[in-house]
Amino acid sequence: MDVLTLEVFKQMINRAYTEVQAQETHFSALDAIAGDGDHGTAITEALAAVNDSAREGTEFNQMLTQMAMNAMTRSCGSTSTLIGGFFLGMGTAAKGVQLNVPQVKAMFRAGLASMQQNTQAKPGDKTLMDALVPAVTAMEAAEGDIKALFKAGAEAAANGAAATVEMQAAFGRARNLGERSIGHADPGASSWACMFGAFYNAIN
Amino acid sequence: MDVLTLEVFKQMINRAYTEVQAQETHFSALDAIAGDGDHGTAITEALAAVNDSAREGTEFNQMLTQMAMNAMTRSCGSTSTLIGGFFLGMGTAAKGVQLNVPQVKAMFRAGLASMQQNTQAKPGDKTLMDALVPAVTAMEAAEGDIKALFKAGAEAAANGAAATVEMQAAFGRARNLGERSIGHADPGASSWACMFGAFYNAIN
Amino acid sequence: MENQIYKWINDPKHITEELLEGYVMAYADKVQLFGTHTIVRAQPKPEDQVAVVTLGGAGHEPALSGFVGKGMLDCSVVGDIFAAPGAPRLLEALKKFNRPAGILLVVLNHAGDVMSANMAKQMADAMNIKVKIMLTHEDISAGLDTPDQDRRGLAGCVPLYKIVGAAADAGKSLEEVYEIGERFNSQMATLAVAMKACTHPQSGVTIAELPLGEMEIGMGQHGEGGGGRSPLLSADETASKMIGPLMQKLQIQKGDKVLLYINGVGATTHMEMSIIFRKAGQVLQESGAELVDGKITELLTVQEQSGFQMILGKLDDDHVDYLKNHGSDAPYWTVNP
Amino acid sequence: MENQIYKWINDPKHITEELLEGYVMAYADKVQLFGTHTIVRAQPKPEDQVAVVTLGGAGHEPALSGFVGKGMLDCSVVGDIFAAPGAPRLLEALKKFNRPAGILLVVLNHAGDVMSANMAKQMADAMNIKVKIMLTHEDISAGLDTPDQDRRGLAGCVPLYKIVGAAADAGKSLEEVYEIGERFNSQMATLAVAMKACTHPQSGVTIAELPLGEMEIGMGQHGEGGGGRSPLLSADETASKMIGPLMQKLQIQKGDKVLLYINGVGATTHMEMSIIFRKAGQVLQESGAELVDGKITELLTVQEQSGFQMILGKLDDDHVDYLKNHGSDAPYWTVNP
Ligand SMILES: Nc1ncnc2c1ncn2[C@@H]1O[C@H](COP(=O)(O)OP(=O)(O)O)[C@@H](O)[C@H]1O
Ligand SMILES: Nc1ncnc2c1ncn2[C@@H]1O[C@H](COP(=O)(O)OP(=O)(O)O)[C@@H](O)[C@H]1O
Ligand SMILES: [Mg+2]
Ligand SMILES: [Mg+2]
Ligand SMILES: [Mg+2]
Ligand SMILES: [Mg+2]
């Protein structure tokens, strides 16, 4: 797979929505341990909005921007701005109806960069950045076609999320727990890893 | 025992206080089923006040009135006025430092009559009247000395209280429960039966 | 006592004194203590105005003492947890507020309160203190046709305090204040519901245990059970089941001006009460009634019980005026004049 | 979701909309809806006055929307349960209140709220809407020396609303309102405690389970755990353990004018909070501080959690004036002018 078409990207989004929704309860339960118990609801609603916007999309830039606005409008909490910022950023770096490998890499890099304007969280802080930053880095470093790129992203995200179990939270609602935040995965890292996993599953 | 002296009456009061206090938790628990869970506290506090006033008593009329005021001042809830009215009424019918059998009968009758000015509850309504009314009636009917009189009162009160288990409440907080009030003894009837039992135990 | 108490208290014996001390400390510009258990206004009103006094147990905060203040109560005589004050304490308050204009004594219909009030009134009468008793009895859980004396007084006393308090502060005579109050008293109705019992803060005993997943309409104000149990219903179903009988009791008709309050009794959230209000308000509006006064708040609580009381009142024009246009400045009821 | 929800709600998805509908129905003379999730005053103020806007999740009723009204907030933008509104919704509100006098946007320091506010402000800046953000961060549970950005905003925002709202309604400029508000913001501190967890009303999950008989000082406003757990202490011990650090943080000295509020978060009774107030107030008085403003009430709740927040503020003279002498008429905060 040398290019990522708009249609395939829409399938990836749809898959991400379905897989995340299937684990909604799990993500909320994770959030209940150290946060406020709503991450499953928030991320599912955000991806539902993104998925709805996919239906009307005819071009990457316009569609991604629309996805961002729709996600921010319909979902609430940290997830609203984080996922909104991600799609907003991706939109600035993607045009047309199909993207080649460097263009996909650039799109994800731009998504991450945009989010970093809204938060200073870094890998190690026990947030979704622990899944996203390694995922984007691995995708950039990946050699091969689109599939290889998403495979690398999915694996890195999964490993990153798993590593959050041992971390102490430094951002978000879990921060005040201090050492007691250790022992469970971060809900955002887990849901974003699920999303990156689904991206790959959709094309594998 | 042909007369009831002030000293013996004080011992009966003290015994009533001690026996009721020992069952404080039980009376509150009974009240929690259909009432508000405080009868043990209220009756114990009331009898503590009565008992305190006994210490300074030198004559029946003055002492009983003082007991009534002190009980009403220190205890709260229905118990305050009910027990206050009882001792207030007894005070109107007792004078001096010792009472013979007819005088004791008259004293208890007057206590009951005074209470009946404050409540229309009758035997069968599942209140303390189910213990008190039969007790006073049995005392009046009793033949023999002071001991025989209090024995009759204690037995009648105990039977009356036991009979409340099968009754449906028509007064007090339990009234609104309707049929569901059946199956447990009334707290007030139980504590007053305990009091009459203690009166007898003190002289037996 | 054996039961563990899971509450922030000190010695269970001193709960009432301590809570009243904290209360007057927080609102020192509005209320103060007279003795250890009686709350009075920080600025007493002139003696030529009727004094409005009430009595009742503690453990229902902010009721009843939270409504002492300009434009509402002059005095609240407190007993112990869920227990009416004894007659002697009430008599002290009546003596303090003795005045030619007279005293209106508002009593909620519960055996203990009524017996204390009657006993105190007998004593006051003997001392030529002018006192008139107004009994509230607006709980409809015992049935719509149940006689007044068999119906409990619930949180509907609180808007009544506002109405009679405003009338008294406006200089009305005792007879006028009584008439205005009785008119409201006879046109209001309350129904309570609970889904989780509370514990007595002194004994730790659970009062009227309710199985998880069940609710009970007609619950009394101390956790005493009342009406019918049912599985927990949705907010809309519960609201409908409660507003219906209340409207029937008051024979609400198109054009009637009404008051609807949802009084939280403890652990039930403002969130839920707002959702309940929405449905009950919709039903009222569909009937053509005009909602002129609404409240969603905790007026009279029952410890940490989950539940609420729904209070419906039919208002005459002067009731609307006393409720909404006359200012008040009690710690838990402030109205801009 | 699998968890059973023991609350009076309808469809868990529509809790927020429904509660807001109920709320504006109850207080129609004071507040109304703009769209589905934004509460504004029923009588908007003149455009030449600074508008005060806030944002936050639902499930904390009466906060935040309960404080919209004359003399306090102009607008509260609501998200979903415990979740900040997304930036687009906030932007709509900023557009509505766009005015030469400018908008003060009060934001509680929680990641979601801050990110939404920043994103909306970027968008508003691009549209030349004059907005200044004020961040509250008065929770001291993370330690007395923790930098502002790492401290949460708790219920101390509510007296802040009163102060900036009064200043704005008095015609102060945006810069002046900001200065007055920041001065209070930097002189207040809050500490929360909980002893029983709450459940999320949409998912039914228990948030931050606490073993029976334990309490936790430093609990966040959504049940998130925080400081140290200990066995349940008495009211006096708990109050002392909380007021001490708060006084230390603000360096309370003899003669300081202070505000002390006990904010109930749900199931904890007014009774307990009054007892807590008593002890904390005594400690303050012993230090020579002058208690000029007290409150014992539910301002910002956390569902049916048992617990409370203790809010201490050091007041300048103009803060006292804005808090106590300027009238306000929000549904849950009324002050006679
Ligand atoms: N400041 C932040 N920077 C990056 N990620 C964050 C930040 N705050 C929260 N998150 C992520 O968001 C997740 C929680 O999302 P969600 O529950 O939807 O938001 P909220 O905290 O508003 O309830 C956390 O698990 C974490 O991964
Ligand atoms: N109207 C009444 N007439 C006679 N006895 C009553 C009446 N009301 C209550 N009682 C008695 O008082 C008992 C309850 O006393 P207590 O719990 O101290 O008072 P309260 O109901 O005020 O909490 C009941 O069990 C009943 O025996
Ligand atoms: Mg969350
Ligand atoms: Mg009782
Ligand atoms: Mg009682
Ligand atoms: Mg949230």
# chains A, B, ... in the order shown; residues from 1 in each chain; ligands from 1
$ residues_around --residues "B:Val165" --least-positions-apart "6" --cutoff "8 Å" --atoms "only C-alpha atoms" --output "compact mmCIF listing (two decimals) with C-alpha atoms, in the first residue's frame"
# COMPACT_ATOMS: atom_id res chain seq x y z
CA ILE B 182 -47.00 -4.67 62.65
CA GLY B 183 -44.41 -7.16 63.86
CA HIS B 184 -42.35 -5.18 66.35
CA ALA B 185 -43.05 -3.88 69.82
CA ASP B 186 -43.65 -0.17 70.32
$ residues_around --residues "stretch 305-308 of chain D" --least-positions-apart "4" --cutoff "9 Å" --atoms "only C-alpha atoms" --output "list in words"
Lys7, Ala267 and Glu304 of chain C; Leu191, Ala192, Val193, Ala194, Met195, Lys196, Ala197, Cys198, Thr199, Met215, Met219, Gly223, Ile262, Asn263, Gly264, Val265, Gly266, Ala267, Thr268, Thr269, Met273, Glu298 and Thr301 of chain D
$ residues_around --residues "B:Phe199" --least-positions-apart "6" --cutoff "8 Å" --atoms "only C-alpha atoms" --output "tab-separated table (two decimals) with N, CA and C atoms, in the first residue's frame"
chain	number	residue	atom	x	y	z
B	12	MET	N	-36.88	3.05	93.79
B	12	MET	CA	-37.59	2.54	92.61
B	12	MET	C	-37.23	3.36	91.36
B	13	ILE	N	-37.18	4.67	91.55
B	13	ILE	CA	-36.81	5.56	90.45
B	13	ILE	C	-35.39	5.25	89.97
B	15	ARG	N	-33.75	2.49	90.29
B	15	ARG	CA	-33.75	1.19	89.62
B	15	ARG	C	-34.31	1.31	88.19
B	16	ALA	N	-35.37	2.12	88.05
B	16	ALA	CA	-35.96	2.31	86.72
B	16	ALA	C	-34.94	2.95	85.78
B	150	PHE	N	-47.48	-3.22	92.96
B	150	PHE	CA	-46.47	-3.01	91.92
B	150	PHE	C	-46.22	-4.27	91.10
B	154	ALA	N	-46.45	-4.26	87.13
B	154	ALA	CA	-45.34	-4.71	86.29
B	154	ALA	C	-45.81	-5.77	85.31
$ residues_near_ligand --ligand "ligand 5" --cutoff "12 Å" --atoms "only C-alpha atoms and all ligand atoms" --output "number ranges by chain"
B: 28, 31-32, 34-43, 75-80, 172-174, 187-188; C: 56-60, 79-86, 110-113, 200-203, 207, 221-224
$ atom_distance --atom1 "atom CA of D:Ile252" --atom2 "atom CA of D:Leu291"
11.6 Å
$ closest_residue --among "A:Ala110, A:Ala193, A:Ala46, A:Ile203" --to "chain D" --atoms "only C-alpha atoms"
A:Ala46
$ select_by_dssp --residues "stretch 51-294 of chain C" --states "helix (DSSP H, G or I)" --output "PyMOL selection string"
chain C and resi 65-67+87-96+111-126+148-150+157-169+174-185+235-250+270-286
